[in-house]
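> Compact mmCIF, N, CA and C atoms, saved as data.txt, coming up:
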```txt
# COMPACT_ATOMS: atom_id res chain seq x y z
N MET A 184 -2.14 29.62 -137.07
CA MET A 184 -2.98 29.03 -136.05
C MET A 184 -2.11 28.21 -135.10
N ASN A 185 -1.24 28.88 -134.37
CA ASN A 185 -0.33 28.21 -133.46
C ASN A 185 -0.93 27.96 -132.10
N ASN A 186 -2.04 28.57 -131.79
CA ASN A 186 -2.65 28.45 -130.49
C ASN A 186 -3.16 27.02 -130.28
N THR A 187 -2.58 26.32 -129.30
CA THR A 187 -2.94 24.93 -129.03
C THR A 187 -4.41 24.81 -128.65
N ARG A 188 -4.92 25.77 -127.91
CA ARG A 188 -6.33 25.72 -127.50
C ARG A 188 -7.24 25.83 -128.72
N THR A 189 -6.91 26.73 -129.63
CA THR A 189 -7.71 26.90 -130.84
C THR A 189 -7.70 25.62 -131.67
N ILE A 190 -6.55 24.99 -131.81
CA ILE A 190 -6.45 23.75 -132.57
C ILE A 190 -7.27 22.65 -131.89
N SER A 191 -7.20 22.59 -130.58
CA SER A 191 -7.97 21.59 -129.84
C SER A 191 -9.47 21.80 -130.03
N GLU A 192 -9.91 23.05 -129.98
CA GLU A 192 -11.32 23.36 -130.19
C GLU A 192 -11.76 23.03 -131.61
N MET A 193 -10.94 23.39 -132.59
CA MET A 193 -11.23 23.07 -133.99
C MET A 193 -11.31 21.56 -134.18
N SER A 194 -10.40 20.85 -133.55
CA SER A 194 -10.37 19.40 -133.66
C SER A 194 -11.67 18.79 -133.15
N LYS A 195 -12.17 19.29 -132.04
CA LYS A 195 -13.42 18.77 -131.47
C LYS A 195 -14.60 19.04 -132.41
N ILE A 196 -14.63 20.21 -133.00
CA ILE A 196 -15.71 20.57 -133.92
C ILE A 196 -15.67 19.70 -135.16
N ILE A 197 -14.47 19.54 -135.72
CA ILE A 197 -14.30 18.74 -136.94
C ILE A 197 -14.65 17.28 -136.65
N GLU A 198 -14.20 16.75 -135.52
CA GLU A 198 -14.53 15.36 -135.17
C GLU A 198 -16.03 15.18 -135.00
N ALA A 199 -16.69 16.17 -134.38
CA ALA A 199 -18.15 16.09 -134.19
C ALA A 199 -18.86 16.08 -135.54
N LEU A 200 -18.40 16.90 -136.47
CA LEU A 200 -18.98 16.90 -137.81
C LEU A 200 -18.75 15.55 -138.49
N GLY A 201 -17.59 14.98 -138.26
CA GLY A 201 -17.28 13.67 -138.83
C GLY A 201 -18.20 12.58 -138.32
N ARG A 202 -18.64 12.70 -137.08
CA ARG A 202 -19.53 11.69 -136.48
C ARG A 202 -21.00 11.99 -136.75
N HIS A 203 -21.31 13.20 -137.17
CA HIS A 203 -22.71 13.60 -137.37
C HIS A 203 -23.31 12.78 -138.50
N SER A 204 -24.52 12.27 -138.28
CA SER A 204 -25.12 11.36 -139.26
C SER A 204 -25.70 12.07 -140.49
N ASP A 205 -25.97 13.33 -140.38
CA ASP A 205 -26.56 14.09 -141.48
C ASP A 205 -25.53 14.27 -142.61
N GLY A 206 -25.95 14.00 -143.83
CA GLY A 206 -25.07 14.15 -144.99
C GLY A 206 -24.57 15.56 -145.20
N SER A 207 -25.29 16.54 -144.67
CA SER A 207 -24.84 17.93 -144.83
C SER A 207 -23.53 18.20 -144.10
N ALA A 208 -23.19 17.33 -143.14
CA ALA A 208 -21.91 17.48 -142.45
C ALA A 208 -20.74 17.32 -143.43
N VAL A 209 -20.92 16.43 -144.40
CA VAL A 209 -19.88 16.23 -145.43
C VAL A 209 -19.70 17.53 -146.22
N GLU A 210 -20.80 18.16 -146.56
CA GLU A 210 -20.73 19.42 -147.31
C GLU A 210 -20.01 20.50 -146.51
N VAL A 211 -20.30 20.58 -145.22
CA VAL A 211 -19.64 21.58 -144.36
C VAL A 211 -18.15 21.28 -144.28
N LEU A 212 -17.80 20.02 -144.05
CA LEU A 212 -16.39 19.65 -143.97
C LEU A 212 -15.67 19.96 -145.28
N GLU A 213 -16.32 19.67 -146.39
CA GLU A 213 -15.70 19.93 -147.68
C GLU A 213 -15.52 21.43 -147.93
N GLU A 214 -16.57 22.19 -147.71
CA GLU A 214 -16.52 23.62 -148.02
C GLU A 214 -15.60 24.40 -147.10
N ILE A 215 -15.65 24.09 -145.82
CA ILE A 215 -14.88 24.89 -144.85
C ILE A 215 -13.55 24.24 -144.53
N GLY A 216 -13.58 22.95 -144.20
CA GLY A 216 -12.37 22.28 -143.75
C GLY A 216 -11.34 22.04 -144.81
N THR A 217 -11.76 21.50 -145.96
CA THR A 217 -10.77 21.18 -146.99
C THR A 217 -10.27 22.41 -147.72
N ASN A 218 -10.94 23.53 -147.54
CA ASN A 218 -10.50 24.78 -148.18
C ASN A 218 -9.74 25.69 -147.24
N SER A 219 -9.49 25.24 -146.03
CA SER A 219 -8.77 26.05 -145.05
C SER A 219 -7.33 26.30 -145.51
N PRO A 220 -6.80 27.48 -145.21
CA PRO A 220 -5.39 27.73 -145.53
C PRO A 220 -4.43 27.01 -144.57
N GLU A 221 -4.97 26.48 -143.48
CA GLU A 221 -4.15 25.82 -142.46
C GLU A 221 -4.05 24.31 -142.71
N ASP A 222 -2.84 23.80 -142.83
CA ASP A 222 -2.63 22.37 -143.05
C ASP A 222 -3.30 21.53 -141.97
N ILE A 223 -3.19 21.93 -140.72
CA ILE A 223 -3.73 21.14 -139.62
C ILE A 223 -5.25 21.01 -139.73
N VAL A 224 -5.92 22.05 -140.16
CA VAL A 224 -7.38 22.00 -140.31
C VAL A 224 -7.74 21.07 -141.46
N ARG A 225 -7.00 21.15 -142.57
CA ARG A 225 -7.26 20.26 -143.70
C ARG A 225 -6.98 18.81 -143.32
N GLU A 226 -5.93 18.58 -142.55
CA GLU A 226 -5.59 17.22 -142.12
C GLU A 226 -6.68 16.66 -141.20
N LEU A 227 -7.12 17.43 -140.23
CA LEU A 227 -8.19 16.99 -139.34
C LEU A 227 -9.47 16.71 -140.13
N THR A 228 -9.74 17.57 -141.10
CA THR A 228 -10.95 17.41 -141.91
C THR A 228 -10.90 16.14 -142.75
N VAL A 229 -9.77 15.90 -143.38
CA VAL A 229 -9.62 14.69 -144.19
C VAL A 229 -9.82 13.44 -143.33
N ASN A 230 -9.24 13.46 -142.15
CA ASN A 230 -9.39 12.30 -141.26
C ASN A 230 -10.84 12.11 -140.83
N ALA A 231 -11.56 13.21 -140.59
CA ALA A 231 -12.98 13.12 -140.23
C ALA A 231 -13.79 12.57 -141.40
N LEU A 232 -13.50 13.03 -142.60
CA LEU A 232 -14.21 12.54 -143.78
C LEU A 232 -13.96 11.05 -143.99
N ILE A 233 -12.73 10.64 -143.83
CA ILE A 233 -12.39 9.22 -144.01
C ILE A 233 -13.05 8.37 -142.94
N SER A 234 -13.06 8.85 -141.71
CA SER A 234 -13.66 8.06 -140.63
C SER A 234 -15.16 7.84 -140.83
N ARG A 235 -15.82 8.74 -141.57
CA ARG A 235 -17.23 8.53 -141.90
C ARG A 235 -17.39 7.29 -142.78
N ASN A 236 -16.43 7.06 -143.65
CA ASN A 236 -16.38 5.89 -144.52
C ASN A 236 -17.67 5.71 -145.34
N THR A 237 -18.15 6.81 -145.89
CA THR A 237 -19.31 6.76 -146.78
C THR A 237 -18.85 7.14 -148.19
N TYR A 238 -19.65 6.79 -149.15
CA TYR A 238 -19.32 7.11 -150.53
C TYR A 238 -19.07 8.61 -150.71
N ASP A 239 -19.99 9.43 -150.20
CA ASP A 239 -19.87 10.88 -150.39
C ASP A 239 -18.66 11.47 -149.69
N SER A 240 -18.38 11.01 -148.48
CA SER A 240 -17.23 11.57 -147.75
C SER A 240 -15.91 11.11 -148.36
N LEU A 241 -15.85 9.86 -148.79
CA LEU A 241 -14.61 9.35 -149.38
C LEU A 241 -14.37 9.93 -150.76
N LYS A 242 -15.43 10.23 -151.47
CA LYS A 242 -15.30 10.83 -152.80
C LYS A 242 -14.57 12.18 -152.71
N VAL A 243 -14.87 12.96 -151.68
CA VAL A 243 -14.19 14.25 -151.48
C VAL A 243 -12.69 14.03 -151.35
N VAL A 244 -12.32 13.02 -150.58
CA VAL A 244 -10.92 12.75 -150.28
C VAL A 244 -10.17 12.13 -151.45
N LEU A 245 -10.87 11.31 -152.24
CA LEU A 245 -10.20 10.54 -153.28
C LEU A 245 -10.22 11.17 -154.67
N ILE A 246 -11.19 12.01 -154.95
CA ILE A 246 -11.35 12.49 -156.32
C ILE A 246 -11.09 13.99 -156.48
N ASN A 247 -11.50 14.78 -155.52
CA ASN A 247 -11.45 16.23 -155.69
C ASN A 247 -10.04 16.78 -155.75
N GLU A 248 -9.78 17.48 -156.81
CA GLU A 248 -8.47 18.08 -157.04
C GLU A 248 -8.12 19.04 -155.91
N GLY A 249 -6.91 18.90 -155.38
CA GLY A 249 -6.43 19.78 -154.33
C GLY A 249 -6.91 19.41 -152.94
N LYS A 250 -7.63 18.29 -152.81
CA LYS A 250 -8.17 17.89 -151.51
C LYS A 250 -7.77 16.45 -151.21
N GLY A 251 -7.68 16.14 -149.94
CA GLY A 251 -7.38 14.76 -149.53
C GLY A 251 -6.07 14.26 -150.06
N ILE A 252 -6.12 13.18 -150.83
CA ILE A 252 -4.88 12.61 -151.37
C ILE A 252 -4.23 13.51 -152.41
N HIS A 253 -4.96 14.51 -152.88
CA HIS A 253 -4.46 15.44 -153.89
C HIS A 253 -4.04 16.79 -153.28
N ASP A 254 -4.01 16.87 -151.95
CA ASP A 254 -3.64 18.11 -151.28
C ASP A 254 -2.20 18.47 -151.63
N LEU A 255 -1.93 19.75 -151.76
CA LEU A 255 -0.57 20.20 -152.08
C LEU A 255 0.38 20.00 -150.92
N SER A 256 -0.14 19.88 -149.71
CA SER A 256 0.68 19.61 -148.54
C SER A 256 0.93 18.11 -148.44
N ALA A 257 2.19 17.73 -148.45
CA ALA A 257 2.53 16.31 -148.34
C ALA A 257 2.03 15.74 -147.02
N THR A 258 2.03 16.53 -145.97
CA THR A 258 1.56 16.08 -144.67
C THR A 258 0.09 15.71 -144.72
N VAL A 259 -0.72 16.53 -145.35
CA VAL A 259 -2.16 16.28 -145.46
C VAL A 259 -2.41 15.05 -146.34
N ALA A 260 -1.76 14.98 -147.48
CA ALA A 260 -1.94 13.85 -148.39
C ALA A 260 -1.50 12.54 -147.73
N GLU A 261 -0.38 12.56 -147.04
CA GLU A 261 0.12 11.37 -146.36
C GLU A 261 -0.82 10.94 -145.24
N SER A 262 -1.33 11.90 -144.50
CA SER A 262 -2.29 11.60 -143.44
C SER A 262 -3.54 10.94 -144.02
N ALA A 263 -4.00 11.45 -145.17
CA ALA A 263 -5.16 10.87 -145.83
C ALA A 263 -4.90 9.42 -146.21
N ILE A 264 -3.77 9.16 -146.80
CA ILE A 264 -3.43 7.80 -147.22
C ILE A 264 -3.32 6.87 -146.01
N ASN A 265 -2.70 7.34 -144.94
CA ASN A 265 -2.59 6.51 -143.73
C ASN A 265 -3.96 6.21 -143.13
N SER A 266 -4.85 7.20 -143.13
CA SER A 266 -6.21 6.98 -142.62
C SER A 266 -6.96 5.98 -143.49
N LEU A 267 -6.79 6.09 -144.80
CA LEU A 267 -7.44 5.14 -145.71
C LEU A 267 -6.92 3.72 -145.45
N LYS A 268 -5.62 3.58 -145.26
CA LYS A 268 -5.03 2.26 -145.01
C LYS A 268 -5.55 1.65 -143.71
N SER A 269 -5.89 2.50 -142.74
CA SER A 269 -6.30 1.98 -141.43
C SER A 269 -7.79 1.62 -141.36
N LEU A 270 -8.56 1.93 -142.39
CA LEU A 270 -9.98 1.57 -142.38
C LEU A 270 -10.13 0.05 -142.36
N ASN A 271 -11.06 -0.44 -141.56
CA ASN A 271 -11.35 -1.88 -141.54
C ASN A 271 -12.08 -2.30 -142.80
N ASP A 272 -13.04 -1.51 -143.20
CA ASP A 272 -13.82 -1.81 -144.41
C ASP A 272 -13.44 -0.82 -145.50
N LYS A 273 -12.73 -1.30 -146.48
CA LYS A 273 -12.25 -0.44 -147.56
C LYS A 273 -13.07 -0.60 -148.84
N SER A 274 -14.23 -1.24 -148.76
CA SER A 274 -15.01 -1.53 -149.97
C SER A 274 -15.41 -0.25 -150.71
N GLU A 275 -15.83 0.78 -149.98
CA GLU A 275 -16.20 2.04 -150.64
C GLU A 275 -14.97 2.73 -151.23
N VAL A 276 -13.85 2.63 -150.55
CA VAL A 276 -12.60 3.21 -151.05
C VAL A 276 -12.26 2.59 -152.39
N PHE A 277 -12.27 1.26 -152.46
CA PHE A 277 -11.92 0.58 -153.70
C PHE A 277 -12.94 0.85 -154.80
N LYS A 278 -14.20 0.96 -154.43
CA LYS A 278 -15.24 1.27 -155.41
C LYS A 278 -14.96 2.62 -156.06
N ILE A 279 -14.67 3.62 -155.25
CA ILE A 279 -14.40 4.97 -155.78
C ILE A 279 -13.10 5.00 -156.57
N LEU A 280 -12.07 4.33 -156.06
CA LEU A 280 -10.79 4.30 -156.79
C LEU A 280 -10.97 3.63 -158.15
N ASP A 281 -11.69 2.52 -158.19
CA ASP A 281 -11.93 1.84 -159.47
C ASP A 281 -12.71 2.72 -160.44
N GLU A 282 -13.75 3.38 -159.94
CA GLU A 282 -14.52 4.30 -160.79
C GLU A 282 -13.63 5.42 -161.33
N THR A 283 -12.78 5.94 -160.47
CA THR A 283 -11.89 7.03 -160.86
C THR A 283 -10.89 6.57 -161.91
N ILE A 284 -10.29 5.42 -161.68
CA ILE A 284 -9.30 4.87 -162.61
C ILE A 284 -9.93 4.62 -163.98
N ASN A 285 -11.16 4.14 -163.98
CA ASN A 285 -11.81 3.76 -165.24
C ASN A 285 -12.52 4.89 -165.97
N THR A 286 -12.92 5.94 -165.26
CA THR A 286 -13.78 6.93 -165.92
C THR A 286 -13.38 8.39 -165.76
N HIS A 287 -12.44 8.71 -164.90
CA HIS A 287 -12.14 10.13 -164.67
C HIS A 287 -11.44 10.73 -165.89
N TYR A 288 -11.75 11.99 -166.16
CA TYR A 288 -11.20 12.67 -167.34
C TYR A 288 -9.76 13.15 -167.14
N ASP A 289 -9.33 13.33 -165.89
CA ASP A 289 -8.00 13.88 -165.59
C ASP A 289 -7.00 12.75 -165.36
N ASP A 290 -5.99 12.66 -166.23
CA ASP A 290 -5.00 11.58 -166.12
C ASP A 290 -4.20 11.64 -164.83
N LEU A 291 -3.97 12.83 -164.29
CA LEU A 291 -3.23 12.95 -163.03
C LEU A 291 -4.05 12.36 -161.88
N ILE A 292 -5.34 12.63 -161.86
CA ILE A 292 -6.22 12.08 -160.83
C ILE A 292 -6.27 10.56 -160.97
N LYS A 293 -6.38 10.06 -162.21
CA LYS A 293 -6.39 8.61 -162.46
C LYS A 293 -5.10 7.97 -161.96
N SER A 294 -3.99 8.63 -162.27
CA SER A 294 -2.68 8.11 -161.89
C SER A 294 -2.53 8.03 -160.37
N LYS A 295 -2.96 9.07 -159.68
CA LYS A 295 -2.86 9.07 -158.23
C LYS A 295 -3.81 8.02 -157.63
N ALA A 296 -4.99 7.86 -158.22
CA ALA A 296 -5.93 6.83 -157.75
C ALA A 296 -5.31 5.44 -157.90
N THR A 297 -4.65 5.20 -159.01
CA THR A 297 -3.98 3.93 -159.23
C THR A 297 -2.88 3.70 -158.19
N PHE A 298 -2.09 4.74 -157.95
CA PHE A 298 -1.02 4.66 -156.96
C PHE A 298 -1.57 4.34 -155.57
N VAL A 299 -2.62 5.07 -155.16
CA VAL A 299 -3.20 4.86 -153.83
C VAL A 299 -3.82 3.47 -153.72
N LYS A 300 -4.48 3.03 -154.76
CA LYS A 300 -5.06 1.67 -154.74
C LYS A 300 -3.96 0.63 -154.58
N ASP A 301 -2.89 0.77 -155.35
CA ASP A 301 -1.76 -0.17 -155.24
C ASP A 301 -1.15 -0.15 -153.85
N LEU A 302 -1.03 1.06 -153.30
CA LEU A 302 -0.44 1.21 -151.97
C LEU A 302 -1.31 0.54 -150.90
N ILE A 303 -2.59 0.79 -150.95
CA ILE A 303 -3.52 0.20 -149.98
C ILE A 303 -3.56 -1.32 -150.13
N THR A 304 -3.60 -1.78 -151.37
CA THR A 304 -3.64 -3.22 -151.63
C THR A 304 -2.38 -3.91 -151.13
N SER A 305 -1.24 -3.29 -151.36
CA SER A 305 0.04 -3.90 -150.92
C SER A 305 0.13 -3.96 -149.40
N CYS A 306 -0.52 -3.06 -148.72
CA CYS A 306 -0.49 -3.06 -147.25
C CYS A 306 -1.44 -4.09 -146.66
N GLN A 307 -2.40 -4.57 -147.44
CA GLN A 307 -3.35 -5.56 -146.95
C GLN A 307 -2.74 -6.95 -146.96
N ASN A 308 -1.75 -7.16 -147.81
CA ASN A 308 -1.17 -8.51 -147.96
C ASN A 308 -0.11 -8.77 -146.93
```
Here is the file; what I need is its structure written in the form of structure tokens.


Amino acid sequence: MNNTRTISEMSKIIEALGRHSDGSAVEVLEEIGTNSPEDIVRELTVNALISRNTYDSLKVVLINEGKGIHDLSATVAESAINSLKSLNDKSEVFKILDETINTHYDDLIKSKATFVKDLITSCQN
């Protein structure tokens, strides 16, 4: 997907879904955006989900294996972490990270949640 026009159009669509108030927008972003083979689409999607700053949208980014902070692309994962750090209100982020650290069955997911929480916390001080 090297076409700059196509990326620009995709970006507008993803951003619009990110701003859409209907919860089904999160489902669309998760199903289509986070499963895209293109790093740029996954990165745009993660940023749109984070900008929504809702429990459901952040849960996709923070918990789901292979998505958001768990993406296999370092660029996508790093972008997710930077977007999380830039949120003004991180209360939902910390709520989900704490739930994940305390109750998730996958030790790798717990470990990454702990790392991200420590990273975000250290940047606030």

> A:Asp254, A:Leu280, A:Thr228, A:Ser207: which is nearest Lys242 (chain A), counting all atoms listed in the file?

A:Leu280

> Measure the distance from atom C of Lys300 (chain A) to atom N of Glu210 (chain A) in Å and round it to one decimal.

25.6 Å

> Leaving out Lys295 (chain A) and any residue of its chain fewer than 3 positions from it, which residues lie within 12 Å of it when counting only C-alpha atoms, given as a PyMOL selection string?

chain A and resi 244-249+251-254+260+264+280-281+283-284+287+289-292+298-302

> For region 212-220 of chain A, find every residue with an atom within 8 Å (counting only N, CA and C atoms), except residues of its own chain fewer than 6 positions away, and show them as a PyMOL selection string.

chain A and resi 197+200-201+226-229+231-232+243+249-251

> Using DSSP on the backbone coordinates, identify all residues within chain A classified as helix (DSSP H, G or I); present the result as a ChimeraX atom specification.

/A:187-202,207-216,222-235,238-246,251-253,257-269,274-286,290-307

> Show me, as a VMD selection string, the residues that have an atom within 8 Å of Ser266 (chain A) when counting all atoms listed in the file, minus same-chain residues fewer than 3 positions from it.

chain A and resid 229 to 230 233 to 234 260 to 263 269 to 271

> Work out how far apart atom N of Ile303 (chain A) and CA of Leu267 (chain A) are and give it in Å to one decimal.

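Separating atom N of Ile303 (chain A) from CA of Leu267 (chain A) is a distance of 8.4 Å.
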
> Just give me the gap between CA of Thr297 (chain A) and atom N of Thr237 (chain A) in Å, one decimal is fine.

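Here the two named atoms are 19.7 Å from each other.
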
> Considering all atoms listed in the file, state which residue in the set A:Ser274, A:Lys268, A:Thr286, A:Arg188 is at the smallest distance from Gln307 (chain A).

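Closest to Gln307 (chain A), using all atoms listed in the file: A:Lys268.
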
> Listed atoms of region 279-287 of chain A, axis-aligned box, 6 Å per side: centre and edge lengths to one decimal in Å, as AutoDock Vina command-line options?


```
--center_x -12.0 --center_y 6.3 --center_z -160.6 --size_x 17.4 --size_y 20.9 --size_z 22.7
```

> In terms of the shortest atom-to-atom distance over only C-alpha atoms, which of A:Asn236, A:Glu282, A:Ser256, A:Thr304 is closest to Arg202 (chain A)?

A:Asn236
